[in-house]
Amino acid sequence: MRRWVESLEQFAIDVILERRYGKRAALLRVFLFVLSLLFAGVVQLRLWLYRKRFLRNHPLGCVVISVGNLTVGGTGKTPVVELLARTLQEGGRRVAILSRGYKSRRPPLLKRLHGRLTGRIDESIPRIVSNGEHVLLGSREAGDEPFMLATNLHGVVVLVDKDRVKSGRYAIEHFGADTILLDDGLQYLHLQHRLDIVLVDKQSPFGNEYLLPRGTLREPPGNLRRASYIWVTKSDGGDNTELIQRIRRYNRTAEIIECTHQPRHLQEVFTGKWVPLDALRGTYVGAFSAIAAPESFESALQKLGAHVELSRRFIDHHRFSEQEIRAFAARCRRRGVAMIVTTEKDAVRFPKRLALEVPVYLLRVEIDILRGQESWRKCVDRICRPGPLVRPSGLPLPGGA
């Protein structure tokens, strides 16, 4: 059943990105385009209702920063959230990250009912992925990104709940958080944001320019006007003038920061042993991934000098079976591949221990700021030493910190 659902999902993605042709694909694109017009109307209506205060957002009484994007997946958001959380923590803030836990799995219904009756499960509180000291949930229960953030960020609380007003209040009351980061929070308008950091992928800034479900845009590009800071991600250091000019058509005031996802080292998935990137140079590798933009990952391996002899791609967030991993490792051994390389996000979905014929490494990637360092320093300073929120009229907003 899972394989059938994933194959259907992959077919839809291929149609949306125009990798599939023929009569059925063309008809489906027309149908999805009509739906995208309806979706656009709903998106704009929802924004208007919040703007006119028919729908209310809720202040938490502390600094709330959302990190999000206009498109679905693939902008490299998690390393930016990690960099921001770590920097703010070093600046003296008590940081909590709130996530909805995309594709996380709740306990089975019978187990939840039993937990309620026995008092072992309290669904009135969010799932605590990390209490700042210990990681308490695995990737299956927490979701890939929250688990990855919890693993990499000691001293930062990570909570998962669809209701992020509830989880934000819990972070403040029980962990003393004074700074809330909304992971993938641009569209979460139910909670009042102090700052909106929006990521734009240089390689595919606005997807295929269509809104969901015909395209990959969650909102029209014009909604960039809500951004306080705009990060151009996956930059190669080249000229981004054309992209920045287009961004400025939508937002003339936001600070623009250009950054790259810089590989740091390889890490053996099952032992944690670090290996320098030089190990990739001239080496035949197998690329194994289940992310939104596998081409970007494989291109990074090639830029580091690796020969990508074999590649196995799955749909984004696919949970690997032991059989799938073993089968790919066997193929790599037959082809004389020296190592399998996966992404850090994919590595959290591997079993804890698995004896394979070929070693498996994750590629550790971190954010390097290429342009806009001064804007970044001002952004951090603005958060670490915040003043009161102010309306255009000059009156303070509720919830300022």
# chains A, B, ... in the order shown; residues from 1 in each chain; ligands from 1
>>> residues_around(residues="region 205-221 of chain A", least_positions_apart="4", cutoff="9 Å", atoms="only C-alpha atoms", output="PyMOL selection string")
chain A and resi 13+15-17+28-37+39-40+43-44+69-73+75+187+199-201+225+232+243+247+250
>>> residues_around(residues="Thr179 (chain A)", least_positions_apart="2", cutoff="12 Å", atoms="only C-alpha atoms", output="PyMOL selection string")
chain A and resi 60-66+84-89+91-98+156-157+168-169+171-172+175-177+181-182+193-195+380+383-386+400-401
>>> select_by_dssp(residues="region 56-186 of chain A", states="strand (DSSP E or B)", output="NGL selection string")
:A and (58 or 63-69 or 71 or 95-99 or 127-131 or 135 or 157-160 or 179-183)
>>> closest_residue(among="A:Val67, A:Met1, A:Ile244, A:Gly222", to="Asp196 (chain A)", atoms="only C-alpha atoms")
A:Val67
>>> select_by_dssp(residues="region 20-265 of chain A", states="alpha helix (DSSP H)", output="number ranges by chain")
A: 23-51, 77-90, 109-118, 139-142, 144-152, 164-175, 241-250
>>> closest_residue(among="A:Ile256, A:Asn251, A:Trp4, A:Pro59", to="Lys378 (chain A)", atoms="only C-alpha atoms")
A:Ile256
>>> atom_distance(atom1="CA of Lys234 (chain A)", atom2="CA of Leu301 (chain A)")
14.2 Å
>>> closest_residue(among="A:Ile230, A:Ile257, A:Val348, A:Ile125", to="Leu370 (chain A)", atoms="only C-alpha atoms")
A:Ile257
>>> closest_residue(among="A:Leu186, A:Leu27, A:Ala292, A:Leu266", to="Ala227 (chain A)", atoms="only C-alpha atoms")
A:Leu186
>>> closest_residue(among="A:His317, A:Arg249, A:Arg281, A:Arg100", to="Val158 (chain A)", atoms="only C-alpha atoms")
A:Arg100
>>> residues_around(residues="region 322-325 of chain A", least_positions_apart="3", cutoff="12 Å", atoms="only C-alpha atoms", output="ChimeraX atom specification")
/A:286-289,312-314,318-319,328-332,340-342,346-347,349-360
>>> write_last_selection(atoms="N, CA and C atoms", output="CSV table (one decimal), in the first residue's frame")
chain,number,residue,atom,x,y,z
A,286,GLY,N,28.1,5.8,-4.2
A,286,GLY,CA,26.6,5.7,-4.5
A,286,GLY,C,25.9,6.7,-3.7
A,287,ALA,N,25.0,7.5,-4.3
A,287,ALA,CA,24.2,8.5,-3.7
A,287,ALA,C,22.8,8.0,-3.3
A,288,PHE,N,22.4,8.1,-2.1
A,288,PHE,CA,21.2,7.5,-1.6
A,288,PHE,C,20.4,8.6,-0.8
A,289,SER,N,19.2,8.9,-1.3
A,289,SER,CA,18.5,10.1,-0.7
A,289,SER,C,17.0,10.0,-0.9
A,312,ARG,N,20.3,6.3,-6.0
A,312,ARG,CA,19.0,5.8,-5.6
A,312,ARG,C,18.2,6.9,-5.0
A,313,ARG,N,17.1,7.3,-5.6
A,313,ARG,CA,16.3,8.4,-5.2
A,313,ARG,C,14.9,7.9,-4.7
A,314,PHE,N,14.4,8.4,-3.6
A,314,PHE,CA,13.1,8.1,-3.1
A,314,PHE,C,12.3,9.4,-3.0
A,318,HIS,N,10.7,9.7,2.5
A,318,HIS,CA,10.5,8.2,2.5
A,318,HIS,C,11.2,7.6,3.6
A,319,ARG,N,10.6,6.6,4.3
A,319,ARG,CA,11.2,5.9,5.4
A,319,ARG,C,11.8,4.6,4.9
A,328,PHE,N,20.6,-1.7,-2.1
A,328,PHE,CA,21.5,-0.7,-2.8
A,328,PHE,C,22.9,-0.9,-2.4
A,329,ALA,N,23.2,-1.3,-1.2
A,329,ALA,CA,24.6,-1.7,-0.8
A,329,ALA,C,25.1,-2.8,-1.6
A,330,ALA,N,24.3,-3.8,-1.9
A,330,ALA,CA,24.7,-4.9,-2.7
A,330,ALA,C,25.1,-4.5,-4.2
A,331,ARG,N,24.2,-3.6,-4.7
A,331,ARG,CA,24.5,-3.1,-6.1
A,331,ARG,C,25.8,-2.3,-6.1
A,332,CYS,N,26.0,-1.5,-5.0
A,332,CYS,CA,27.3,-0.7,-5.0
A,332,CYS,C,28.5,-1.7,-4.9
A,340,ILE,N,28.8,4.6,0.2
A,340,ILE,CA,27.5,5.2,0.0
A,340,ILE,C,27.4,6.5,0.8
A,341,VAL,N,26.9,7.5,0.1
A,341,VAL,CA,26.8,8.8,0.8
A,341,VAL,C,25.3,9.2,0.8
A,342,THR,N,24.8,9.7,1.9
A,342,THR,CA,23.4,10.1,2.1
A,342,THR,C,23.4,11.5,2.7
A,346,ASP,N,18.4,12.4,5.7
A,346,ASP,CA,18.1,11.0,5.4
A,346,ASP,C,18.7,10.1,6.4
A,347,ALA,N,19.8,10.4,7.0
A,347,ALA,CA,20.5,9.5,7.9
A,347,ALA,C,19.7,9.2,9.1
A,349,ARG,N,16.7,8.5,9.3
A,349,ARG,CA,15.8,7.4,9.0
A,349,ARG,C,16.4,6.1,8.8
A,350,PHE,N,17.7,6.0,9.0
A,350,PHE,CA,18.4,4.7,8.9
A,350,PHE,C,18.3,4.0,10.3
A,351,PRO,N,18.3,2.6,10.2
A,351,PRO,CA,18.4,1.9,11.5
A,351,PRO,C,19.6,2.2,12.3
A,352,LYS,N,19.6,2.0,13.6
A,352,LYS,CA,20.7,2.4,14.4
A,352,LYS,C,21.9,1.5,14.1
A,353,ARG,N,21.7,0.3,13.8
A,353,ARG,CA,22.8,-0.7,13.5
A,353,ARG,C,22.5,-1.5,12.3
A,354,LEU,N,23.4,-1.6,11.4
A,354,LEU,CA,23.2,-2.4,10.2
A,354,LEU,C,24.5,-2.8,9.6
A,355,ALA,N,24.8,-4.1,9.5
A,355,ALA,CA,26.0,-4.5,8.9
A,355,ALA,C,25.9,-4.6,7.3
A,356,LEU,N,26.6,-3.7,6.6
A,356,LEU,CA,26.5,-3.6,5.2
A,356,LEU,C,27.9,-3.9,4.5
A,357,GLU,N,27.8,-4.2,3.3
A,357,GLU,CA,29.1,-4.6,2.5
A,357,GLU,C,29.8,-3.3,2.1
A,358,VAL,N,29.2,-2.2,2.1
A,358,VAL,CA,29.8,-0.9,1.8
A,358,VAL,C,29.5,0.1,2.9
A,359,PRO,N,30.5,0.9,3.3
A,359,PRO,CA,30.3,1.8,4.4
A,359,PRO,C,29.4,3.0,3.9
A,360,VAL,N,28.6,3.5,4.9
A,360,VAL,CA,27.6,4.6,4.6
A,360,VAL,C,28.0,5.8,5.4
>>> closest_residue(among="A:Arg226, A:Lys23, A:Arg164, A:Arg140", to="Arg51 (chain A)", atoms="only C-alpha atoms")
A:Arg226
>>> residues_around(residues="Gly237 (chain A)", least_positions_apart="6", cutoff="10 Å", atoms="only C-alpha atoms", output="list in words")
Glu258, Cys259, Thr260, Ile369, Leu370 and Arg371 of chain A
>>> write_last_selection(atoms="N, CA and C atoms", output="mmCIF file, in the first residue's frame")
data_model
loop_
_atom_site.group_PDB
_atom_site.id
_atom_site.type_symbol
_atom_site.label_atom_id
_atom_site.label_comp_id
_atom_site.auth_asym_id
_atom_site.auth_seq_id
_atom_site.Cartn_x
_atom_site.Cartn_y
_atom_site.Cartn_z
ATOM 1 N N GLU A 258 22.806 36.582 1.346
ATOM 2 C CA GLU A 258 23.128 35.499 0.419
ATOM 3 C C GLU A 258 24.001 34.479 1.134
ATOM 4 N N CYS A 259 23.637 33.209 1.027
ATOM 5 C CA CYS A 259 24.366 32.176 1.751
ATOM 6 C C CYS A 259 24.506 30.922 0.899
ATOM 7 N N THR A 260 25.387 30.051 1.332
ATOM 8 C CA THR A 260 25.593 28.773 0.658
ATOM 9 C C THR A 260 25.538 27.653 1.676
ATOM 10 N N ILE A 369 27.609 32.425 5.233
ATOM 11 C CA ILE A 369 27.054 33.661 4.678
ATOM 12 C C ILE A 369 28.075 34.267 3.730
ATOM 13 N N LEU A 370 27.669 34.485 2.491
ATOM 14 C CA LEU A 370 28.570 35.016 1.459
ATOM 15 C C LEU A 370 28.473 36.530 1.352
ATOM 16 N N ARG A 371 27.275 37.051 1.385
ATOM 17 C CA ARG A 371 27.049 38.496 1.325
ATOM 18 C C ARG A 371 25.935 38.858 2.311
#
